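Pasting data28.cif here (mmCIF, N, CA and C atoms):
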data_run
loop_
_atom_site.group_PDB
_atom_site.id
_atom_site.type_symbol
_atom_site.label_atom_id
_atom_site.label_comp_id
_atom_site.auth_asym_id
_atom_site.auth_seq_id
_atom_site.Cartn_x
_atom_site.Cartn_y
_atom_site.Cartn_z
ATOM 1 N N MET A 1 118.288 117.136 115.707
ATOM 2 C CA MET A 1 117.918 116.190 114.670
ATOM 3 C C MET A 1 118.609 116.540 113.361
ATOM 4 N N THR A 2 118.652 117.822 113.013
ATOM 5 C CA THR A 2 119.289 118.241 111.771
ATOM 6 C C THR A 2 120.781 117.980 111.812
ATOM 7 N N ARG A 3 121.397 118.185 112.975
ATOM 8 C CA ARG A 3 122.823 117.896 113.105
ATOM 9 C C ARG A 3 123.104 116.423 112.897
ATOM 10 N N GLN A 4 122.231 115.576 113.440
ATOM 11 C CA GLN A 4 122.423 114.137 113.286
ATOM 12 C C GLN A 4 122.340 113.742 111.821
ATOM 13 N N LEU A 5 121.379 114.313 111.095
ATOM 14 C CA LEU A 5 121.253 113.997 109.671
ATOM 15 C C LEU A 5 122.472 114.476 108.899
ATOM 16 N N ALA A 6 122.965 115.668 109.227
ATOM 17 C CA ALA A 6 124.151 116.188 108.548
ATOM 18 C C ALA A 6 125.360 115.312 108.839
ATOM 19 N N LEU A 7 125.490 114.875 110.081
ATOM 20 C CA LEU A 7 126.607 114.008 110.450
ATOM 21 C C LEU A 7 126.517 112.665 109.737
ATOM 22 N N ARG A 8 125.311 112.118 109.659
ATOM 23 C CA ARG A 8 125.133 110.855 108.948
ATOM 24 C C ARG A 8 125.476 111.003 107.470
ATOM 25 N N GLY A 9 125.085 112.132 106.866
ATOM 26 C CA GLY A 9 125.414 112.381 105.463
ATOM 27 C C GLY A 9 126.911 112.513 105.268
ATOM 28 N N LEU A 10 127.577 113.188 106.197
ATOM 29 C CA LEU A 10 129.028 113.328 106.120
ATOM 30 C C LEU A 10 129.716 111.968 106.204
ATOM 31 N N VAL A 11 129.292 111.153 107.163
ATOM 32 C CA VAL A 11 129.884 109.824 107.325
ATOM 33 C C VAL A 11 129.632 108.975 106.071
ATOM 34 N N ALA A 12 128.425 109.034 105.535
ATOM 35 C CA ALA A 12 128.117 108.270 104.327
ATOM 36 C C ALA A 12 128.985 108.734 103.166
ATOM 37 N N GLY A 13 129.193 110.041 103.039
ATOM 38 C CA GLY A 13 130.042 110.563 101.973
ATOM 39 C C GLY A 13 131.487 110.133 102.119
ATOM 40 N N ILE A 14 131.977 110.182 103.357
ATOM 41 C CA ILE A 14 133.363 109.777 103.604
ATOM 42 C C ILE A 14 133.552 108.291 103.305
ATOM 43 N N LEU A 15 132.574 107.476 103.696
ATOM 44 C CA LEU A 15 132.698 106.040 103.459
ATOM 45 C C LEU A 15 132.510 105.653 101.993
ATOM 46 N N SER A 16 131.635 106.378 101.295
ATOM 47 C CA SER A 16 131.385 106.007 99.901
ATOM 48 C C SER A 16 132.378 106.658 98.944
ATOM 49 N N GLY A 17 133.084 107.685 99.382
ATOM 50 C CA GLY A 17 134.066 108.368 98.531
ATOM 51 C C GLY A 17 135.124 107.453 97.957
ATOM 52 N N PRO A 18 135.802 106.663 98.795
ATOM 53 C CA PRO A 18 136.835 105.772 98.252
ATOM 54 C C PRO A 18 136.288 104.726 97.273
ATOM 55 N N ILE A 19 135.050 104.333 97.460
ATOM 56 C CA ILE A 19 134.463 103.346 96.554
ATOM 57 C C ILE A 19 134.279 103.957 95.173
ATOM 58 N N LEU A 20 133.838 105.210 95.155
ATOM 59 C CA LEU A 20 133.576 105.871 93.879
ATOM 60 C C LEU A 20 134.833 106.455 93.245
ATOM 61 N N ALA A 21 135.849 106.703 94.058
ATOM 62 C CA ALA A 21 137.062 107.337 93.536
ATOM 63 C C ALA A 21 137.849 106.354 92.685
ATOM 64 N N GLY A 22 138.506 106.871 91.712
ATOM 65 C CA GLY A 22 139.378 106.075 90.855
ATOM 66 C C GLY A 22 139.986 106.997 89.826
ATOM 67 N N SER A 23 141.293 107.241 89.943
ATOM 68 C CA SER A 23 141.897 108.237 89.063
ATOM 69 C C SER A 23 142.409 107.641 87.763
ATOM 70 N N ARG A 24 142.841 106.402 87.772
ATOM 71 C CA ARG A 24 143.394 105.809 86.557
ATOM 72 C C ARG A 24 142.349 104.939 85.886
ATOM 73 N N SER A 25 142.400 104.854 84.597
ATOM 74 C CA SER A 25 141.419 104.065 83.855
ATOM 75 C C SER A 25 141.525 102.586 84.194
ATOM 76 N N THR A 26 142.731 102.115 84.508
ATOM 77 C CA THR A 26 142.862 100.693 84.871
ATOM 78 C C THR A 26 142.180 100.424 86.202
ATOM 79 N N ASP A 27 142.243 101.408 87.110
ATOM 80 C CA ASP A 27 141.545 101.245 88.390
ATOM 81 C C ASP A 27 140.044 101.152 88.169
ATOM 82 N N LEU A 28 139.528 101.990 87.269
ATOM 83 C CA LEU A 28 138.099 101.988 87.004
ATOM 84 C C LEU A 28 137.655 100.665 86.379
ATOM 85 N N GLN A 29 138.466 100.144 85.472
ATOM 86 C CA GLN A 29 138.098 98.893 84.828
ATOM 87 C C GLN A 29 138.242 97.719 85.790
ATOM 88 N N ALA A 30 139.313 97.717 86.561
ATOM 89 C CA ALA A 30 139.555 96.589 87.468
ATOM 90 C C ALA A 30 138.558 96.572 88.619
ATOM 91 N N GLY A 31 138.256 97.741 89.182
ATOM 92 C CA GLY A 31 137.363 97.785 90.342
ATOM 93 C C GLY A 31 135.926 98.080 89.988
ATOM 94 N N GLY A 32 135.646 98.259 88.718
ATOM 95 C CA GLY A 32 134.299 98.631 88.304
ATOM 96 C C GLY A 32 133.255 97.600 88.655
ATOM 97 N N GLN A 33 133.642 96.347 88.618
ATOM 98 C CA GLN A 33 132.688 95.283 88.909
ATOM 99 C C GLN A 33 132.347 95.217 90.389
ATOM 100 N N LEU A 34 133.260 95.666 91.233
ATOM 101 C CA LEU A 34 133.019 95.619 92.680
ATOM 102 C C LEU A 34 132.525 96.943 93.239
ATOM 103 N N ARG A 35 132.725 98.024 92.500
ATOM 104 C CA ARG A 35 132.386 99.356 93.013
ATOM 105 C C ARG A 35 130.883 99.502 93.271
ATOM 106 N N LEU A 36 130.051 99.148 92.312
ATOM 107 C CA LEU A 36 128.606 99.326 92.472
ATOM 108 C C LEU A 36 128.028 98.410 93.555
ATOM 109 N N PRO A 37 128.349 97.116 93.569
ATOM 110 C CA PRO A 37 127.831 96.291 94.678
ATOM 111 C C PRO A 37 128.337 96.757 96.041
ATOM 112 N N GLY A 38 129.581 97.213 96.098
ATOM 113 C CA GLY A 38 130.125 97.697 97.371
ATOM 114 C C GLY A 38 129.383 98.919 97.863
ATOM 115 N N LEU A 39 129.116 99.844 96.952
ATOM 116 C CA LEU A 39 128.375 101.042 97.327
ATOM 117 C C LEU A 39 126.936 100.702 97.713
ATOM 118 N N SER A 40 126.352 99.748 97.018
ATOM 119 C CA SER A 40 124.987 99.320 97.339
ATOM 120 C C SER A 40 124.914 98.718 98.730
ATOM 121 N N ILE A 41 125.866 97.877 99.063
ATOM 122 C CA ILE A 41 125.891 97.250 100.396
ATOM 123 C C ILE A 41 126.106 98.313 101.467
ATOM 124 N N LEU A 42 127.011 99.249 101.212
ATOM 125 C CA LEU A 42 127.259 100.320 102.171
ATOM 126 C C LEU A 42 126.009 101.167 102.384
ATOM 127 N N THR A 43 125.336 101.507 101.300
ATOM 128 C CA THR A 43 124.103 102.296 101.397
ATOM 129 C C THR A 43 123.038 101.543 102.184
ATOM 130 N N LEU A 44 122.905 100.258 101.929
ATOM 131 C CA LEU A 44 121.933 99.442 102.656
ATOM 132 C C LEU A 44 122.248 99.412 104.149
ATOM 133 N N CYS A 45 123.505 99.247 104.483
ATOM 134 C CA CYS A 45 123.901 99.211 105.899
ATOM 135 C C CYS A 45 123.604 100.538 106.595
ATOM 136 N N ILE A 46 123.915 101.651 105.924
ATOM 137 C CA ILE A 46 123.656 102.963 106.517
ATOM 138 C C ILE A 46 122.160 103.190 106.683
ATOM 139 N N THR A 47 121.375 102.771 105.679
ATOM 140 C CA THR A 47 119.927 102.934 105.762
ATOM 141 C C THR A 47 119.345 102.124 106.909
ATOM 142 N N VAL A 48 119.757 100.872 107.036
ATOM 143 C CA VAL A 48 119.250 100.015 108.118
ATOM 144 C C VAL A 48 119.655 100.583 109.476
ATOM 145 N N ALA A 49 120.893 101.048 109.596
ATOM 146 C CA ALA A 49 121.337 101.632 110.864
ATOM 147 C C ALA A 49 120.513 102.870 111.206
ATOM 148 N N GLY A 50 120.217 103.686 110.213
ATOM 149 C CA GLY A 50 119.397 104.878 110.452
ATOM 150 C C GLY A 50 117.993 104.533 110.880
ATOM 151 N N ILE A 51 117.415 103.515 110.258
ATOM 152 C CA ILE A 51 116.059 103.094 110.620
ATOM 153 C C ILE A 51 116.027 102.540 112.039
ATOM 154 N N LEU A 52 117.021 101.753 112.392
ATOM 155 C CA LEU A 52 117.050 101.158 113.724
ATOM 156 C C LEU A 52 117.249 102.207 114.819
ATOM 157 N N ARG A 53 117.874 103.334 114.489
ATOM 158 C CA ARG A 53 118.117 104.374 115.488
ATOM 159 C C ARG A 53 116.936 105.326 115.655
ATOM 160 N N GLN A 54 115.946 105.240 114.792
ATOM 161 C CA GLN A 54 114.791 106.133 114.890
ATOM 162 C C GLN A 54 113.902 105.696 116.051
ATOM 163 N N PRO A 55 113.279 106.663 116.724
ATOM 164 C CA PRO A 55 112.375 106.295 117.825
ATOM 165 C C PRO A 55 111.141 105.573 117.280
ATOM 166 N N ALA A 56 110.592 104.710 118.084
ATOM 167 C CA ALA A 56 109.375 103.996 117.685
ATOM 168 C C ALA A 56 108.252 104.991 117.473
ATOM 169 N N LEU A 57 107.387 104.704 116.497
ATOM 170 C CA LEU A 57 106.302 105.629 116.182
ATOM 171 C C LEU A 57 105.367 105.848 117.366
ATOM 172 N N ASN A 58 105.152 104.803 118.154
ATOM 173 C CA ASN A 58 104.228 104.956 119.283
ATOM 174 C C ASN A 58 104.840 105.774 120.424
ATOM 175 N N LYS A 59 106.143 106.050 120.367
ATOM 176 C CA LYS A 59 106.785 106.860 121.403
ATOM 177 C C LYS A 59 106.902 108.323 121.000
ATOM 178 N N MET A 60 106.537 108.644 119.772
ATOM 179 C CA MET A 60 106.604 110.026 119.336
ATOM 180 C C MET A 60 105.429 110.783 119.944
ATOM 181 N N PRO A 61 105.684 111.930 120.583
ATOM 182 C CA PRO A 61 104.608 112.639 121.273
ATOM 183 C C PRO A 61 103.542 113.146 120.313
ATOM 184 N N GLY A 62 102.290 112.827 120.643
ATOM 185 C CA GLY A 62 101.170 113.349 119.888
ATOM 186 C C GLY A 62 100.881 112.661 118.569
ATOM 187 N N LEU A 63 101.676 111.665 118.190
ATOM 188 C CA LEU A 63 101.481 111.031 116.886
ATOM 189 C C LEU A 63 100.161 110.277 116.823
ATOM 190 N N ALA A 64 99.835 109.532 117.853
ATOM 191 C CA ALA A 64 98.587 108.762 117.843
ATOM 192 C C ALA A 64 97.377 109.686 117.750
ATOM 193 N N GLY A 65 97.407 110.782 118.478
ATOM 194 C CA GLY A 65 96.301 111.736 118.422
ATOM 195 C C GLY A 65 96.177 112.378 117.052
ATOM 196 N N GLU A 66 97.302 112.689 116.439
ATOM 197 C CA GLU A 66 97.289 113.310 115.110
ATOM 198 C C GLU A 66 96.768 112.333 114.061
ATOM 199 N N VAL A 67 97.172 111.083 114.154
ATOM 200 C CA VAL A 67 96.673 110.069 113.218
ATOM 201 C C VAL A 67 95.169 109.895 113.387
ATOM 202 N N GLN A 68 94.687 109.884 114.613
ATOM 203 C CA GLN A 68 93.255 109.760 114.883
ATOM 204 C C GLN A 68 92.491 110.955 114.314
ATOM 205 N N ARG A 69 93.031 112.159 114.498
ATOM 206 C CA ARG A 69 92.394 113.364 113.979
ATOM 207 C C ARG A 69 92.315 113.322 112.453
ATOM 208 N N MET A 70 93.384 112.879 111.818
ATOM 209 C CA MET A 70 93.390 112.792 110.364
ATOM 210 C C MET A 70 92.400 111.744 109.861
ATOM 211 N N ALA A 71 92.274 110.625 110.587
ATOM 212 C CA ALA A 71 91.330 109.580 110.187
ATOM 213 C C ALA A 71 89.892 110.091 110.271
ATOM 214 N N GLU A 72 89.579 110.835 111.322
ATOM 215 C CA GLU A 72 88.233 111.394 111.459
ATOM 216 C C GLU A 72 87.945 112.414 110.368
ATOM 217 N N MET A 73 88.934 113.246 110.051
ATOM 218 C CA MET A 73 88.759 114.237 108.993
ATOM 219 C C MET A 73 88.568 113.538 107.637
ATOM 220 N N GLU A 74 89.323 112.486 107.400
ATOM 221 C CA GLU A 74 89.185 111.745 106.139
ATOM 222 C C GLU A 74 87.791 111.130 106.002
ATOM 223 N N LYS A 75 87.267 110.579 107.090
ATOM 224 C CA LYS A 75 85.915 110.010 107.055
ATOM 225 C C LYS A 75 84.872 111.082 106.732
ATOM 226 N N ARG A 76 85.011 112.247 107.364
ATOM 227 C CA ARG A 76 84.065 113.339 107.135
ATOM 228 C C ARG A 76 84.111 113.816 105.688
ATOM 229 N N VAL A 77 85.297 114.035 105.175
ATOM 230 C CA VAL A 77 85.459 114.530 103.803
ATOM 231 C C VAL A 77 84.969 113.492 102.798
ATOM 232 N N LEU A 78 85.279 112.231 103.045
ATOM 233 C CA LEU A 78 84.829 111.174 102.139
ATOM 234 C C LEU A 78 83.308 111.068 102.135
ATOM 235 N N SER A 79 82.685 111.215 103.291
ATOM 236 C CA SER A 79 81.236 111.173 103.379
ATOM 237 C C SER A 79 80.606 112.311 102.577
ATOM 238 N N ILE A 80 81.160 113.504 102.712
ATOM 239 C CA ILE A 80 80.650 114.659 101.957
ATOM 240 C C ILE A 80 80.812 114.417 100.463
ATOM 241 N N TYR A 81 81.954 113.917 100.058
ATOM 242 C CA TYR A 81 82.233 113.695 98.638
ATOM 243 C C TYR A 81 81.302 112.633 98.043
ATOM 244 N N VAL A 82 81.135 111.517 98.743
ATOM 245 C CA VAL A 82 80.272 110.446 98.239
ATOM 246 C C VAL A 82 78.840 110.935 98.111
ATOM 247 N N SER A 83 78.362 111.645 99.121
ATOM 248 C CA SER A 83 77.010 112.184 99.081
ATOM 249 C C SER A 83 76.832 113.148 97.903
ATOM 250 N N ALA A 84 77.818 114.004 97.692
ATOM 251 C CA ALA A 84 77.730 114.977 96.600
ATOM 252 C C ALA A 84 77.766 114.292 95.231
ATOM 253 N N THR A 85 78.615 113.275 95.070
ATOM 254 C CA THR A 85 78.673 112.589 93.769
ATOM 255 C C THR A 85 77.379 111.832 93.496
ATOM 256 N N GLU A 86 76.753 111.281 94.553
ATOM 257 C CA GLU A 86 75.468 110.603 94.365
ATOM 258 C C GLU A 86 74.394 111.605 93.930
ATOM 259 N N LYS A 87 74.365 112.768 94.572
ATOM 260 C CA LYS A 87 73.396 113.805 94.194
ATOM 261 C C LYS A 87 73.651 114.290 92.772
ATOM 262 N N LEU A 88 74.906 114.469 92.419
ATOM 263 C CA LEU A 88 75.250 114.922 91.071
ATOM 264 C C LEU A 88 74.833 113.886 90.035
ATOM 265 N N GLY A 89 75.095 112.634 90.326
ATOM 266 C CA GLY A 89 74.729 111.553 89.411
ATOM 267 C C GLY A 89 73.232 111.398 89.249
ATOM 268 N N ALA A 90 72.485 111.690 90.309
ATOM 269 C CA ALA A 90 71.026 111.560 90.260
ATOM 270 C C ALA A 90 70.354 112.822 89.713
ATOM 271 N N GLY A 91 71.130 113.827 89.402
ATOM 272 C CA GLY A 91 70.560 115.053 88.863
ATOM 273 C C GLY A 91 69.993 115.984 89.913
ATOM 274 N N ARG A 92 70.282 115.730 91.200
ATOM 275 C CA ARG A 92 69.784 116.590 92.270
ATOM 276 C C ARG A 92 70.757 117.691 92.643
ATOM 277 N N MET A 93 71.871 117.794 91.898
ATOM 278 C CA MET A 93 72.860 118.828 92.154
ATOM 279 C C MET A 93 73.443 119.275 90.821
ATOM 280 N N LEU A 94 73.630 120.577 90.684
ATOM 281 C CA LEU A 94 74.217 121.121 89.464
ATOM 282 C C LEU A 94 75.743 121.018 89.531
ATOM 283 N N ASN A 95 76.364 121.024 88.373
ATOM 284 C CA ASN A 95 77.828 120.974 88.319
ATOM 285 C C ASN A 95 78.458 122.126 89.095
ATOM 286 N N GLU A 96 77.883 123.315 88.966
ATOM 287 C CA GLU A 96 78.415 124.488 89.655
ATOM 288 C C GLU A 96 78.346 124.319 91.174
ATOM 289 N N ASP A 97 77.238 123.732 91.652
ATOM 290 C CA ASP A 97 77.099 123.484 93.095
ATOM 291 C C ASP A 97 78.118 122.446 93.572
ATOM 292 N N PHE A 98 78.347 121.449 92.729
ATOM 293 C CA PHE A 98 79.327 120.411 93.064
ATOM 294 C C PHE A 98 80.727 121.029 93.178
ATOM 295 N N VAL A 99 81.066 121.888 92.234
ATOM 296 C CA VAL A 99 82.373 122.545 92.259
ATOM 297 C C VAL A 99 82.504 123.426 93.493
ATOM 298 N N ARG A 100 81.455 124.184 93.819
ATOM 299 C CA ARG A 100 81.494 125.030 95.021
ATOM 300 C C ARG A 100 81.671 124.189 96.282
ATOM 301 N N LEU A 101 80.973 123.064 96.334
ATOM 302 C CA LEU A 101 81.112 122.168 97.485
ATOM 303 C C LEU A 101 82.547 121.634 97.595
ATOM 304 N N LEU A 102 83.112 121.234 96.482
ATOM 305 C CA LEU A 102 84.500 120.755 96.499
ATOM 306 C C LEU A 102 85.450 121.837 96.996
ATOM 307 N N GLN A 103 85.255 123.048 96.499
ATOM 308 C CA GLN A 103 86.138 124.149 96.880
ATOM 309 C C GLN A 103 85.978 124.563 98.338
ATOM 310 N N SER A 104 84.783 124.472 98.855
ATOM 311 C CA SER A 104 84.559 124.946 100.231
ATOM 312 C C SER A 104 84.705 123.859 101.292
ATOM 313 N N GLU A 105 84.385 122.621 100.956
ATOM 314 C CA GLU A 105 84.383 121.560 101.968
ATOM 315 C C GLU A 105 85.499 120.512 101.808
ATOM 316 N N ILE A 106 85.867 120.209 100.595
ATOM 317 C CA ILE A 106 86.821 119.124 100.376
ATOM 318 C C ILE A 106 88.267 119.631 100.306
ATOM 319 N N LEU A 107 88.508 120.594 99.444
ATOM 320 C CA LEU A 107 89.880 121.050 99.212
ATOM 321 C C LEU A 107 90.562 121.690 100.434
ATOM 322 N N PRO A 108 89.852 122.472 101.230
ATOM 323 C CA PRO A 108 90.547 123.058 102.391
ATOM 324 C C PRO A 108 91.002 121.991 103.360
#

Please render this file's structure as structure tokens.
Amino acid sequence: MTRQLALRGLVAGILSGPILAGSRSTDLQAGGQLRLPGLSILTLCITVAGILRQPALNKMPGLAGEVQRMAEMEKRVLSIYVSATEKLGAGRMLNEDFVRLLQSEILP
């Protein structure tokens, strides 16, 4: 995967180099109006090609299980936080207890 990214970066650099290059001031002035749109189009094409070559998210091993695990953890943490803020607001919890709860249950 890292080799593919390096190769893609190399190809993008080689293709965008001539667009950005310009040694004479007349070249810069004459091609300046086309240089930025040309580079933008090239960047867009490379980005779209990279996205299309990526594997589908549902085919990545373990991704669905990991997303499910994170969703369950988020529900648990949110429930603890909401309960604690309600207790704090009602005066049934001290600020110090709220901070300890955040440090022990929410932040980890």

Residue nearest Ile80 (chain A) among A:Glu105, A:Val48, A:Leu10, A:Gly38 (counting all atoms listed in the file):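 Checking each candidate against Ile80 (chain A), we get A:Glu105 as the closest.
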
d(atom C of Leu94 (chain A), CA of Arg76 (chain A)) in Å: 20.9 Å

Length of the atom N of Lys75 (chain A) to CA of Val99 (chain A) vector [Å]: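 A separation of 19.7 Å between them.
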
Separation of CA of Val82 (chain A) from CA of Asp97 (chain A), in Å and rounded to one decimal: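 These two atoms are separated by 14.4 Å.
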
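Using all atoms listed in the file, the shortest contact distance between Val77 (chain A) and any of A:Ile106, A:Arg8, A:Ile41, A:Leu52 is found at A:Ile106.
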
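Picked out by the PyMOL selection byres (((chain A and resi 46 and name CA) around 12) and name CA) when it runs on this file: Leu5, Arg8, Gly9, Leu10, Val11, Ala12, Gly13, Leu15, Ser16, Leu39, Ser40, Ile41, Leu42, Thr43, Leu44, Cys45, Thr47, Val48, Ala49, Gly50, Ile51, Leu52 and Arg53 of chain A.
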
Produce a file of the selected residues containing N, CA and C atoms, as a PDB file, in the frame of the given file.
ATOM      1  N   LEU A   5     121.379 114.313 111.095  1.00  0.00           N
ATOM      2  CA  LEU A   5     121.253 113.997 109.671  1.00  0.00           C
ATOM      3  C   LEU A   5     122.472 114.476 108.899  1.00  0.00           C
ATOM      4  N   ARG A   8     125.311 112.118 109.659  1.00  0.00           N
ATOM      5  CA  ARG A   8     125.133 110.855 108.948  1.00  0.00           C
ATOM      6  C   ARG A   8     125.476 111.003 107.470  1.00  0.00           C
ATOM      7  N   GLY A   9     125.085 112.132 106.866  1.00  0.00           N
ATOM      8  CA  GLY A   9     125.414 112.381 105.463  1.00  0.00           C
ATOM      9  C   GLY A   9     126.911 112.513 105.268  1.00  0.00           C
ATOM     10  N   LEU A  10     127.577 113.188 106.197  1.00  0.00           N
ATOM     11  CA  LEU A  10     129.028 113.328 106.120  1.00  0.00           C
ATOM     12  C   LEU A  10     129.716 111.968 106.204  1.00  0.00           C
ATOM     13  N   VAL A  11     129.292 111.153 107.163  1.00  0.00           N
ATOM     14  CA  VAL A  11     129.884 109.824 107.325  1.00  0.00           C
ATOM     15  C   VAL A  11     129.632 108.975 106.071  1.00  0.00           C
ATOM     16  N   ALA A  12     128.425 109.034 105.535  1.00  0.00           N
ATOM     17  CA  ALA A  12     128.117 108.270 104.327  1.00  0.00           C
ATOM     18  C   ALA A  12     128.985 108.734 103.166  1.00  0.00           C
ATOM     19  N   GLY A  13     129.193 110.041 103.039  1.00  0.00           N
ATOM     20  CA  GLY A  13     130.042 110.563 101.973  1.00  0.00           C
ATOM     21  C   GLY A  13     131.487 110.133 102.119  1.00  0.00           C
ATOM     22  N   LEU A  15     132.574 107.476 103.696  1.00  0.00           N
ATOM     23  CA  LEU A  15     132.698 106.040 103.459  1.00  0.00           C
ATOM     24  C   LEU A  15     132.510 105.653 101.993  1.00  0.00           C
ATOM     25  N   SER A  16     131.635 106.378 101.295  1.00  0.00           N
ATOM     26  CA  SER A  16     131.385 106.007  99.901  1.00  0.00           C
ATOM     27  C   SER A  16     132.378 106.658  98.944  1.00  0.00           C
ATOM     28  N   LEU A  39     129.116  99.844  96.952  1.00  0.00           N
ATOM     29  CA  LEU A  39     128.375 101.042  97.327  1.00  0.00           C
ATOM     30  C   LEU A  39     126.936 100.702  97.713  1.00  0.00           C
ATOM     31  N   SER A  40     126.352  99.748  97.018  1.00  0.00           N
ATOM     32  CA  SER A  40     124.987  99.320  97.339  1.00  0.00           C
ATOM     33  C   SER A  40     124.914  98.718  98.730  1.00  0.00           C
ATOM     34  N   ILE A  41     125.866  97.877  99.063  1.00  0.00           N
ATOM     35  CA  ILE A  41     125.891  97.250 100.396  1.00  0.00           C
ATOM     36  C   ILE A  41     126.106  98.313 101.467  1.00  0.00           C
ATOM     37  N   LEU A  42     127.011  99.249 101.212  1.00  0.00           N
ATOM     38  CA  LEU A  42     127.259 100.320 102.171  1.00  0.00           C
ATOM     39  C   LEU A  42     126.009 101.167 102.384  1.00  0.00           C
ATOM     40  N   THR A  43     125.336 101.507 101.300  1.00  0.00           N
ATOM     41  CA  THR A  43     124.103 102.296 101.397  1.00  0.00           C
ATOM     42  C   THR A  43     123.038 101.543 102.184  1.00  0.00           C
ATOM     43  N   LEU A  44     122.905 100.258 101.929  1.00  0.00           N
ATOM     44  CA  LEU A  44     121.933  99.442 102.656  1.00  0.00           C
ATOM     45  C   LEU A  44     122.248  99.412 104.149  1.00  0.00           C
ATOM     46  N   CYS A  45     123.505  99.247 104.483  1.00  0.00           N
ATOM     47  CA  CYS A  45     123.901  99.211 105.899  1.00  0.00           C
ATOM     48  C   CYS A  45     123.604 100.538 106.595  1.00  0.00           C
ATOM     49  N   THR A  47     121.375 102.771 105.679  1.00  0.00           N
ATOM     50  CA  THR A  47     119.927 102.934 105.762  1.00  0.00           C
ATOM     51  C   THR A  47     119.345 102.124 106.909  1.00  0.00           C
ATOM     52  N   VAL A  48     119.757 100.872 107.036  1.00  0.00           N
ATOM     53  CA  VAL A  48     119.250 100.015 108.118  1.00  0.00           C
ATOM     54  C   VAL A  48     119.655 100.583 109.476  1.00  0.00           C
ATOM     55  N   ALA A  49     120.893 101.048 109.596  1.00  0.00           N
ATOM     56  CA  ALA A  49     121.337 101.632 110.864  1.00  0.00           C
ATOM     57  C   ALA A  49     120.513 102.870 111.206  1.00  0.00           C
ATOM     58  N   GLY A  50     120.217 103.686 110.213  1.00  0.00           N
ATOM     59  CA  GLY A  50     119.397 104.878 110.452  1.00  0.00           C
ATOM     60  C   GLY A  50     117.993 104.533 110.880  1.00  0.00           C
ATOM     61  N   ILE A  51     117.415 103.515 110.258  1.00  0.00           N
ATOM     62  CA  ILE A  51     116.059 103.094 110.620  1.00  0.00           C
ATOM     63  C   ILE A  51     116.027 102.540 112.039  1.00  0.00           C
ATOM     64  N   LEU A  52     117.021 101.753 112.392  1.00  0.00           N
ATOM     65  CA  LEU A  52     117.050 101.158 113.724  1.00  0.00           C
ATOM     66  C   LEU A  52     117.249 102.207 114.819  1.00  0.00           C
ATOM     67  N   ARG A  53     117.874 103.334 114.489  1.00  0.00           N
ATOM     68  CA  ARG A  53     118.117 104.374 115.488  1.00  0.00           C
ATOM     69  C   ARG A  53     116.936 105.326 115.655  1.00  0.00           C
TER      70      ARG A  53
END
